[in-house]
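Below is model11.cif, which holds mmCIF, C-alpha atoms.
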```cif
data_upload
loop_
_atom_site.group_PDB
_atom_site.id
_atom_site.type_symbol
_atom_site.label_atom_id
_atom_site.label_comp_id
_atom_site.auth_asym_id
_atom_site.auth_seq_id
_atom_site.Cartn_x
_atom_site.Cartn_y
_atom_site.Cartn_z
ATOM 1 C CA LEU F 1 -9.936 43.176 -95.374
ATOM 2 C CA GLY F 2 -6.200 42.686 -95.790
ATOM 3 C CA GLU F 3 -4.689 39.609 -97.419
ATOM 4 C CA ILE F 4 -5.097 35.978 -96.369
ATOM 5 C CA ASN F 5 -2.434 33.432 -97.287
ATOM 6 C CA LEU F 6 -3.169 29.745 -96.642
ATOM 7 C CA ILE F 7 -1.621 26.517 -97.918
ATOM 8 C CA THR F 8 -1.827 22.845 -97.042
ATOM 9 C CA LEU F 9 1.053 21.348 -95.082
ATOM 10 C CA GLU F 10 2.679 17.934 -95.593
ATOM 11 C CA ASN F 11 0.305 16.681 -98.321
ATOM 12 C CA LYS F 12 2.062 15.475 -101.480
ATOM 13 C CA ILE F 13 0.527 17.230 -104.458
ATOM 14 C CA ASP F 14 1.010 14.248 -106.763
ATOM 15 C CA LEU F 15 -0.738 11.820 -104.387
ATOM 16 C CA GLU F 16 -3.153 13.732 -102.148
ATOM 17 C CA ASN F 17 -5.665 16.564 -102.090
ATOM 18 C CA SER F 18 -4.359 20.063 -101.512
ATOM 19 C CA ILE F 19 -5.933 23.480 -100.950
ATOM 20 C CA CYS F 20 -4.772 27.074 -100.785
ATOM 21 C CA VAL F 21 -6.116 30.605 -100.436
ATOM 22 C CA THR F 22 -4.200 33.244 -102.381
ATOM 23 C CA PRO F 23 -3.683 36.873 -101.311
ATOM 24 C CA THR F 24 -5.669 37.873 -104.407
ATOM 25 C CA GLY F 25 -8.744 36.153 -102.962
ATOM 26 C CA TYR F 26 -8.961 32.757 -104.663
ATOM 27 C CA LEU F 27 -9.706 29.451 -102.973
ATOM 28 C CA ILE F 28 -8.048 26.737 -105.051
ATOM 29 C CA LEU F 29 -8.635 23.035 -104.518
ATOM 30 C CA SER F 30 -6.431 20.418 -106.172
ATOM 31 C CA LEU F 31 -8.445 17.211 -105.830
ATOM 32 C CA LEU F 32 -8.163 13.570 -106.761
ATOM 33 C CA THR F 33 -10.878 12.439 -109.170
ATOM 34 C CA ASP F 34 -13.093 10.612 -106.638
ATOM 35 C CA ASP F 35 -13.128 13.570 -104.246
ATOM 36 C CA TYR F 36 -13.739 16.016 -107.080
ATOM 37 C CA GLN F 37 -16.725 14.054 -108.351
ATOM 38 C CA ALA F 38 -18.173 13.788 -104.837
ATOM 39 C CA LEU F 39 -17.778 17.546 -104.307
ATOM 40 C CA GLY F 40 -20.098 18.488 -107.159
ATOM 41 C CA LEU F 41 -18.501 21.834 -108.037
ATOM 42 C CA GLU F 42 -17.255 22.926 -111.441
ATOM 43 C CA GLY F 43 -13.575 22.439 -112.141
ATOM 44 C CA LYS F 44 -11.076 21.589 -114.839
ATOM 45 C CA PRO F 45 -8.844 18.553 -115.332
ATOM 46 C CA SER F 46 -5.268 19.073 -114.241
ATOM 47 C CA VAL F 47 -3.142 20.237 -117.167
ATOM 48 C CA PHE F 48 -0.684 17.534 -116.175
ATOM 49 C CA SER F 49 -3.210 14.709 -116.461
ATOM 50 C CA HIS F 50 -3.171 12.631 -119.610
ATOM 51 C CA LYS F 51 -5.967 10.518 -121.093
ATOM 52 C CA SER F 52 -7.191 9.276 -117.725
ATOM 53 C CA HIS F 53 -7.832 12.357 -115.584
ATOM 54 C CA THR F 54 -6.551 11.659 -112.076
ATOM 55 C CA ARG F 55 -6.757 15.200 -110.683
ATOM 56 C CA TYR F 56 -9.039 18.219 -111.037
ATOM 57 C CA ILE F 57 -8.627 21.875 -110.116
ATOM 58 C CA VAL F 58 -11.495 23.896 -108.612
ATOM 59 C CA ARG F 59 -11.040 27.668 -108.436
ATOM 60 C CA ILE F 60 -13.421 29.852 -106.397
ATOM 61 C CA ASP F 61 -13.266 33.654 -106.475
ATOM 62 C CA LEU F 62 -13.914 34.691 -102.885
ATOM 63 C CA THR F 63 -13.918 38.374 -103.849
ATOM 64 C CA ASN F 64 -16.791 38.099 -106.328
ATOM 65 C CA GLU F 65 -19.463 40.651 -105.451
ATOM 66 C CA ASN F 66 -22.118 37.911 -105.533
ATOM 67 C CA PHE F 67 -20.175 35.584 -103.239
ATOM 68 C CA ILE F 68 -21.913 36.574 -100.005
ATOM 69 C CA PRO F 69 -23.931 34.575 -97.448
ATOM 70 C CA GLY F 70 -27.503 33.999 -98.537
ATOM 71 C CA LYS F 71 -26.792 34.146 -102.249
ATOM 72 C CA LYS F 72 -27.525 30.960 -104.189
ATOM 73 C CA ASN F 73 -23.966 30.461 -105.482
ATOM 74 C CA TYR F 74 -22.433 31.067 -102.053
ATOM 75 C CA GLU F 75 -24.763 28.613 -100.324
ATOM 76 C CA ARG F 76 -24.213 25.969 -103.003
ATOM 77 C CA ILE F 77 -20.437 26.169 -102.539
ATOM 78 C CA ARG F 78 -20.709 26.290 -98.742
ATOM 79 C CA ILE F 79 -22.838 23.141 -98.626
ATOM 80 C CA ALA F 80 -20.484 21.315 -100.997
ATOM 81 C CA LEU F 81 -17.416 22.169 -98.919
ATOM 82 C CA GLU F 82 -19.041 21.483 -95.546
ATOM 83 C CA GLU F 83 -20.931 18.294 -96.396
ATOM 84 C CA ARG F 84 -19.085 16.634 -99.282
ATOM 85 C CA LEU F 85 -15.429 17.486 -98.767
ATOM 86 C CA THR F 86 -14.970 15.492 -95.588
ATOM 87 C CA GLN F 87 -11.175 15.473 -95.503
ATOM 88 C CA LYS F 88 -9.444 17.506 -92.816
ATOM 89 C CA PHE F 89 -6.358 19.520 -93.750
ATOM 90 C CA ASP F 90 -3.413 20.772 -91.752
ATOM 91 C CA VAL F 91 -2.746 24.259 -93.064
ATOM 92 C CA ILE F 92 -0.464 27.174 -92.373
ATOM 93 C CA VAL F 93 -2.113 30.579 -92.556
ATOM 94 C CA SER F 94 -0.956 34.176 -92.342
ATOM 95 C CA TRP F 95 -2.955 37.395 -92.447
ATOM 96 C CA ASP F 96 -1.645 40.801 -93.470
ATOM 97 C CA PRO F 97 -4.169 43.261 -91.998
ATOM 98 C CA PRO F 98 -5.203 46.400 -93.907
ATOM 99 C CA ASP F 99 -4.070 48.638 -91.034
ATOM 100 C CA ILE F 100 -0.876 48.485 -88.955
ATOM 101 C CA SER F 101 -2.953 49.086 -85.817
ATOM 102 C CA MET F 102 -4.521 45.640 -86.250
ATOM 103 C CA CYS F 103 -2.715 42.576 -84.919
ATOM 104 C CA PRO F 104 -1.899 39.924 -87.575
ATOM 105 C CA SER F 105 -2.363 37.176 -84.964
ATOM 106 C CA SER F 106 -6.074 38.046 -84.776
ATOM 107 C CA ILE F 107 -6.563 35.421 -87.471
ATOM 108 C CA ALA F 108 -5.527 32.765 -84.933
ATOM 109 C CA ALA F 109 -8.201 33.947 -82.507
ATOM 110 C CA TRP F 110 -10.788 33.772 -85.305
ATOM 111 C CA PHE F 111 -10.005 30.106 -86.011
ATOM 112 C CA TYR F 112 -9.753 29.234 -82.316
ATOM 113 C CA ALA F 113 -13.195 30.709 -81.632
ATOM 114 C CA ARG F 114 -14.569 28.287 -84.244
ATOM 115 C CA ASN F 115 -13.056 25.240 -82.513
ATOM 116 C CA TYR F 116 -10.065 24.732 -84.798
ATOM 117 C CA ASN F 117 -6.797 23.540 -83.285
ATOM 118 C CA VAL F 118 -4.371 26.444 -83.526
ATOM 119 C CA CYS F 119 -0.657 26.663 -82.787
ATOM 120 C CA LEU F 120 1.945 29.348 -83.397
ATOM 121 C CA CYS F 121 4.492 28.755 -86.161
ATOM 122 C CA CYS F 122 7.776 30.601 -85.686
ATOM 123 C CA GLN F 123 10.332 31.318 -88.376
ATOM 124 C CA LYS F 124 13.784 29.841 -87.883
ATOM 125 C CA PHE F 125 16.892 31.959 -88.322
ATOM 126 C CA SER F 126 20.455 30.897 -89.088
ATOM 127 C CA GLN F 127 23.579 32.842 -89.977
ATOM 128 C CA LYS F 128 27.072 32.126 -91.223
ATOM 129 C CA ILE F 129 30.050 34.304 -92.096
ATOM 130 C CA LYS F 130 32.862 33.396 -94.473
ATOM 131 C CA TYR F 131 36.121 35.334 -94.246
ATOM 132 C CA SER F 132 38.685 36.138 -96.942
ATOM 133 C CA LEU F 133 36.734 34.809 -99.893
ATOM 134 C CA THR F 134 36.834 35.174 -103.662
ATOM 135 C CA ILE F 135 33.368 35.947 -105.031
ATOM 136 C CA PRO F 136 32.094 36.432 -108.583
ATOM 137 C CA THR F 137 30.863 39.775 -109.830
ATOM 138 C CA TYR F 138 27.583 39.924 -111.705
ATOM 139 C CA GLU F 139 27.561 41.479 -115.164
ATOM 140 C CA ASP F 140 24.034 40.513 -116.364
ATOM 141 C CA THR F 141 25.196 39.440 -119.808
ATOM 142 C CA CYS F 142 22.596 36.687 -120.345
ATOM 143 C CA ASN F 143 25.215 34.042 -121.083
ATOM 144 C CA ASN F 144 27.152 31.340 -119.247
ATOM 145 C CA THR F 145 28.530 33.978 -116.875
ATOM 146 C CA ASP F 146 25.027 34.405 -115.453
ATOM 147 C CA ILE F 147 24.642 30.651 -115.025
ATOM 148 C CA ASP F 148 28.012 30.398 -113.274
ATOM 149 C CA PHE F 149 27.113 33.248 -110.921
ATOM 150 C CA PHE F 150 23.880 31.621 -109.755
ATOM 151 C CA GLU F 151 25.642 28.266 -109.498
ATOM 152 C CA TRP F 152 28.173 29.886 -107.160
ATOM 153 C CA LEU F 153 25.314 31.253 -105.043
ATOM 154 C CA GLY F 154 23.917 27.735 -104.767
ATOM 155 C CA VAL F 155 27.259 26.231 -103.736
ATOM 156 C CA PHE F 156 27.755 28.950 -101.133
ATOM 157 C CA SER F 157 24.232 28.585 -99.714
ATOM 158 C CA ILE F 158 24.682 24.848 -99.057
ATOM 159 C CA ASP F 159 28.057 25.551 -97.437
ATOM 160 C CA GLY F 160 30.032 23.943 -100.239
ATOM 161 C CA ASP F 161 33.820 24.084 -100.249
ATOM 162 C CA LEU F 162 34.828 27.243 -102.126
ATOM 163 C CA SER F 163 38.472 27.130 -101.075
ATOM 164 C CA THR F 164 40.994 27.641 -103.880
ATOM 165 C CA LYS F 165 44.156 27.286 -101.786
ATOM 166 C CA ARG F 166 44.778 23.559 -102.190
ATOM 167 C CA GLU F 167 45.509 22.518 -105.742
ATOM 168 C CA ASP F 168 45.774 18.820 -104.820
ATOM 169 C CA ASN F 169 42.217 18.564 -103.521
ATOM 170 C CA TYR F 170 40.790 16.220 -106.143
ATOM 171 C CA ALA F 171 37.515 15.892 -104.239
ATOM 172 C CA ASN F 172 36.754 19.536 -105.001
ATOM 173 C CA THR F 173 37.501 20.964 -108.424
ATOM 174 C CA TYR F 174 35.076 23.885 -108.189
ATOM 175 C CA GLN F 175 36.518 27.231 -109.253
ATOM 176 C CA CYS F 176 35.023 30.652 -108.615
ATOM 177 C CA PRO F 177 33.727 31.976 -111.959
ATOM 178 C CA SER F 178 35.245 35.049 -113.585
ATOM 179 C CA PRO F 179 35.177 37.975 -113.309
ATOM 180 C CA SER F 180 35.724 37.860 -109.559
ATOM 181 C CA ILE F 181 37.021 39.925 -106.649
ATOM 182 C CA HIS F 182 38.452 39.150 -103.226
ATOM 183 C CA VAL F 183 36.465 40.348 -100.203
ATOM 184 C CA LYS F 184 37.124 40.292 -96.471
ATOM 185 C CA GLN F 185 33.850 38.624 -95.522
ATOM 186 C CA VAL F 186 30.511 37.394 -96.840
ATOM 187 C CA GLN F 187 27.437 37.190 -94.620
ATOM 188 C CA TYR F 188 24.674 34.657 -95.225
ATOM 189 C CA LEU F 189 21.346 35.110 -93.415
ATOM 190 C CA GLN F 190 18.568 32.544 -93.696
ATOM 191 C CA TRP F 191 15.000 32.600 -92.443
ATOM 192 C CA THR F 192 12.851 29.496 -92.839
ATOM 193 C CA GLY F 193 9.084 29.729 -92.537
ATOM 194 C CA PHE F 194 5.945 31.034 -94.209
ATOM 195 C CA PHE F 195 6.325 34.551 -95.607
ATOM 196 C CA THR F 196 3.609 36.491 -97.395
ATOM 197 C CA ARG F 197 4.194 38.593 -100.480
ATOM 198 C CA GLN F 198 3.833 41.761 -98.393
ATOM 199 C CA LYS F 199 6.616 40.638 -96.050
ATOM 200 C CA ILE F 200 8.849 39.785 -98.999
ATOM 201 C CA GLN F 201 8.123 43.222 -100.471
ATOM 202 C CA GLU F 202 9.227 44.805 -97.189
ATOM 203 C CA VAL F 203 12.497 42.841 -97.224
ATOM 204 C CA TYR F 204 13.007 43.808 -100.869
ATOM 205 C CA ASN F 205 12.602 47.516 -100.071
ATOM 206 C CA VAL F 206 15.004 47.348 -97.119
ATOM 207 C CA LEU F 207 17.716 45.554 -99.107
ATOM 208 C CA LYS F 208 17.361 47.911 -102.053
ATOM 209 C CA GLN F 209 17.827 50.957 -99.828
ATOM 210 C CA TYR F 210 20.728 49.293 -98.022
ATOM 211 C CA VAL F 211 22.685 48.495 -101.174
ATOM 212 C CA LEU F 212 22.095 52.035 -102.496
ATOM 213 C CA SER F 213 23.697 53.406 -99.326
ATOM 214 C CA ARG F 214 26.799 51.188 -99.667
ATOM 215 C CA ASP F 215 28.728 52.065 -102.826
ATOM 216 C CA THR F 216 31.485 49.584 -102.010
ATOM 217 C CA LEU F 217 29.216 46.526 -102.054
ATOM 218 C CA PRO F 218 29.520 44.515 -105.288
ATOM 219 C CA TRP F 219 25.996 43.088 -104.904
ATOM 220 C CA ILE F 220 23.403 41.638 -102.530
ATOM 221 C CA SER F 221 21.195 38.677 -103.391
ATOM 222 C CA LEU F 222 17.795 37.651 -102.050
ATOM 223 C CA ASP F 223 16.582 34.114 -102.699
ATOM 224 C CA ILE F 224 12.974 33.058 -102.049
ATOM 225 C CA GLN F 225 12.141 29.349 -102.037
ATOM 226 C CA GLY F 226 8.512 28.368 -102.517
ATOM 227 C CA PHE F 227 6.821 25.236 -101.195
ATOM 228 C CA ALA F 228 7.470 22.240 -103.451
ATOM 229 C CA ASP F 229 3.935 20.879 -102.914
ATOM 230 C CA SER F 230 2.073 24.151 -103.320
ATOM 231 C CA ALA F 231 -1.116 23.836 -105.365
ATOM 232 C CA ILE F 232 -0.166 26.845 -107.506
ATOM 233 C CA SER F 233 2.926 28.560 -108.823
ATOM 234 C CA PHE F 234 3.530 31.960 -110.443
ATOM 235 C CA ASP F 235 0.557 33.799 -111.986
ATOM 236 C CA LEU F 236 -1.903 31.388 -110.299
ATOM 237 C CA LYS F 237 -0.868 28.638 -112.699
ATOM 238 C CA GLU F 238 -1.143 25.055 -111.570
ATOM 239 C CA HIS F 239 2.082 23.908 -109.952
ATOM 240 C CA MET F 240 4.030 21.227 -111.792
ATOM 241 C CA PHE F 241 4.463 18.010 -109.810
ATOM 242 C CA LEU F 242 5.800 15.495 -112.322
ATOM 243 C CA THR F 243 9.459 16.518 -111.968
ATOM 244 C CA ASP F 244 11.171 18.358 -109.112
ATOM 245 C CA GLY F 245 8.643 20.930 -107.875
ATOM 246 C CA ASP F 246 11.047 23.887 -108.138
ATOM 247 C CA ASN F 247 9.313 27.114 -107.200
ATOM 248 C CA SER F 248 11.792 29.887 -106.422
ATOM 249 C CA TYR F 249 13.352 33.135 -107.577
ATOM 250 C CA THR F 250 16.538 35.082 -106.870
ATOM 251 C CA ILE F 251 16.920 38.869 -106.863
ATOM 252 C CA VAL F 252 20.347 40.483 -107.316
ATOM 253 C CA PHE F 253 20.748 44.114 -106.195
ATOM 254 C CA HIS F 254 23.483 46.383 -107.582
ATOM 255 C CA PRO F 255 24.794 49.545 -105.849
ATOM 256 C CA LYS F 256 23.593 51.814 -108.672
ATOM 257 C CA GLY F 257 19.982 50.700 -108.312
ATOM 258 C CA LYS F 258 19.938 47.978 -110.943
ATOM 259 C CA VAL F 259 17.936 44.884 -109.990
ATOM 260 C CA VAL F 260 17.968 41.498 -111.752
ATOM 261 C CA ILE F 261 15.370 38.793 -111.053
ATOM 262 C CA ARG F 262 15.853 35.149 -112.019
ATOM 263 C CA ARG F 263 13.002 32.666 -111.677
ATOM 264 C CA ASN F 264 13.584 28.954 -111.279
ATOM 265 C CA LEU F 265 10.546 26.724 -111.542
ATOM 266 C CA SER F 266 9.304 23.503 -113.018
ATOM 267 C CA SER F 267 7.655 23.921 -116.395
ATOM 268 C CA ASN F 268 4.001 24.943 -116.304
ATOM 269 C CA SER F 269 3.541 23.333 -119.704
ATOM 270 C CA LYS F 270 1.889 20.000 -120.172
ATOM 271 C CA ILE F 271 4.377 17.297 -121.057
ATOM 272 C CA LYS F 272 4.102 16.259 -124.686
ATOM 273 C CA VAL F 273 4.091 12.556 -125.412
ATOM 274 C CA HIS F 274 5.376 11.577 -128.850
ATOM 275 C CA ARG F 275 4.291 8.223 -130.224
#
```
Represent the structure contained in this file as structure tokens.
Amino acid sequence: LGEINLITLENKIDLENSICVTPTGYLILSLLTDDYQALGLEGKPSVFSHKSHTRYIVRIDLTNENFIPGKKNYERIRIALEERLTQKFDVIVSWDPPDISMCPSSIAAWFYARNYNVCLCCQKFSQKIKYSLTIPTYEDTCNNTDIDFFEWLGVFSIDGDLSTKREDNYANTYQCPSPSIHVKQVQYLQWTGFFTRQKIQEVYNVLKQYVLSRDTLPWISLDIQGFADSAISFDLKEHMFLTDGDNSYTIVFHPKGKVVIRRNLSSNSKIKVHR
């Protein structure tokens, strides 16, 4: 069957309904209270709701052996979604087929044959190269050095001024963290779009093999940014929407095969209110 990945586009998770289909086979609906009550399916209040529940989460296991056409549970859910959830969603969808001989774009033909409006979404690519630059080395010491390293990555990625030549530049007091080394060039490659976990795994494998074949490289980093208004976050937990919606992780590869992963996400814990 392969893996289907689908998420709602544009909708704000704190104000509107949102849906997604995970590669593990779950349909998840994040619904405002009125729409949830009209739907008539079992769900749970959002963990981020307080006394007055304003949002509910409905989770449907599409891989359940009893979830097949003709079965009572399947038909009950189908009728609820077709007749009671009247809202239309703009979604982005990607299919990783189970066999490389199958075309991933076949999913577009499937939707088109059922009278859905379909258009091709292309990833965007950008590249920049910085020459003669001082960069930090990564020691993985679980202290402020780690924080400084990832801060440097952030400054570099947004094209911040990392120059250390002018001491009278009061507008920029940023200093490259220690320990550091001087390199001839740093390449930054960025792809923007919708990438499935299988595609990210492929990139991970390529980068890991590349850094193992280059003993002179100090490190390579891979940063994956999730969608801020995704209905779910890591481990199928409900995505936090009361703060900043962070949903990302960074992987640092070392030449000797060591890999460090750092996750950056909004808390999945319900906010405690002290009175």
Between CA of Leu1 (chain F) and CA of Pro98 (chain F), what is the spacing in Å? 5.9 Å
Explicit residues for the PyMOL selection byres ((chain F and resi 257-262) around 12) (as a ChimeraX atom specification): /F:138-142,146-147,149-150,204-205,207-215,217-224,247-256,263-265
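The space between CA of Gly40 (chain F) and CA of Ile77 (chain F) spans 9.0 Å.
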Skipping near chain neighbours, those fewer than 6 positions away, what residues fall within 6 Å of region 21-27 of chain F using only C-alpha atoms, listed as a PyMOL selection string? chain F and resi 3-6+59-63
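Between CA of Asp235 (chain F) and CA of Gln123 (chain F) lies a distance of 25.7 Å.
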Find the residues near Ile158 (chain F): any atom within 12 Å, counting all atoms listed in the file, skip ones fewer than 4 places away on the same chain, and give them as a PyMOL selection string. chain F and resi 128+151-154+162+188+190
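Nearest to Lys12 (chain F) of all the residues F:Ser233, F:Thr54, F:Ser30, F:Asn115 is F:Ser30, based on all atoms listed in the file.
Minimum atom-to-atom distances from F:Gln225, F:Trp191, F:Val186, F:Ala38 to Arg84 (chain F) were compared using only C-alpha atoms, and the lowest value belongs to F:Ala38.
The shortest atom-to-atom distance to Gln175 (chain F), with all atoms listed in the file taken into account, belongs to F:Gly160 out of F:Gly193, F:Gly160, F:Gly43, F:Gly70.
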What does the PyMOL selection byres ((chain F and resi 78) around 12) select in this file, as a PyMOL selection string? chain F and resi 39-41+60+62+67-77+79-85
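When the PyMOL selection byres ((chain F and resi 97) around 10) is run on the displayed coordinates, the residues it returns are F:Leu1, F:Gly2, F:Glu3, F:Ile4, F:Ser94, F:Trp95, F:Asp96, F:Pro98, F:Asp99, F:Ile100, F:Ser101, F:Met102, F:Cys103, F:Pro104, F:Ser105, F:Ser106, F:Ile107.
Residues in contact with region 44-46 of chain F at 10 Å, where all atoms listed in the file are counted and same-chain residues fewer than 5 positions away are skipped, are listed as Ser30, Leu31, Leu32, Thr33, Tyr36, Ser52, His53, Thr54, Arg55, Tyr56, Ile57, Val58, Arg59, Glu238, His239, Met240 and Lys270 of chain F.
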Quick one: of F:Leu133, F:Ala113, F:Ile92, F:Cys121, who's nearest to Thr8 (chain F), counting all atoms listed in the file? F:Ile92
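The smallest atom-to-atom distance between Ser18 (chain F) and any of F:Val203, F:Leu189, F:Ser230, F:Leu236, using only C-alpha atoms, is found for F:Ser230.
With all atoms listed in the file as the atoms that count, the minimum distance from Thr196 (chain F) to the choices F:Asp14, F:Ile7, F:Gln37, F:Gln87 is reached by F:Ile7.
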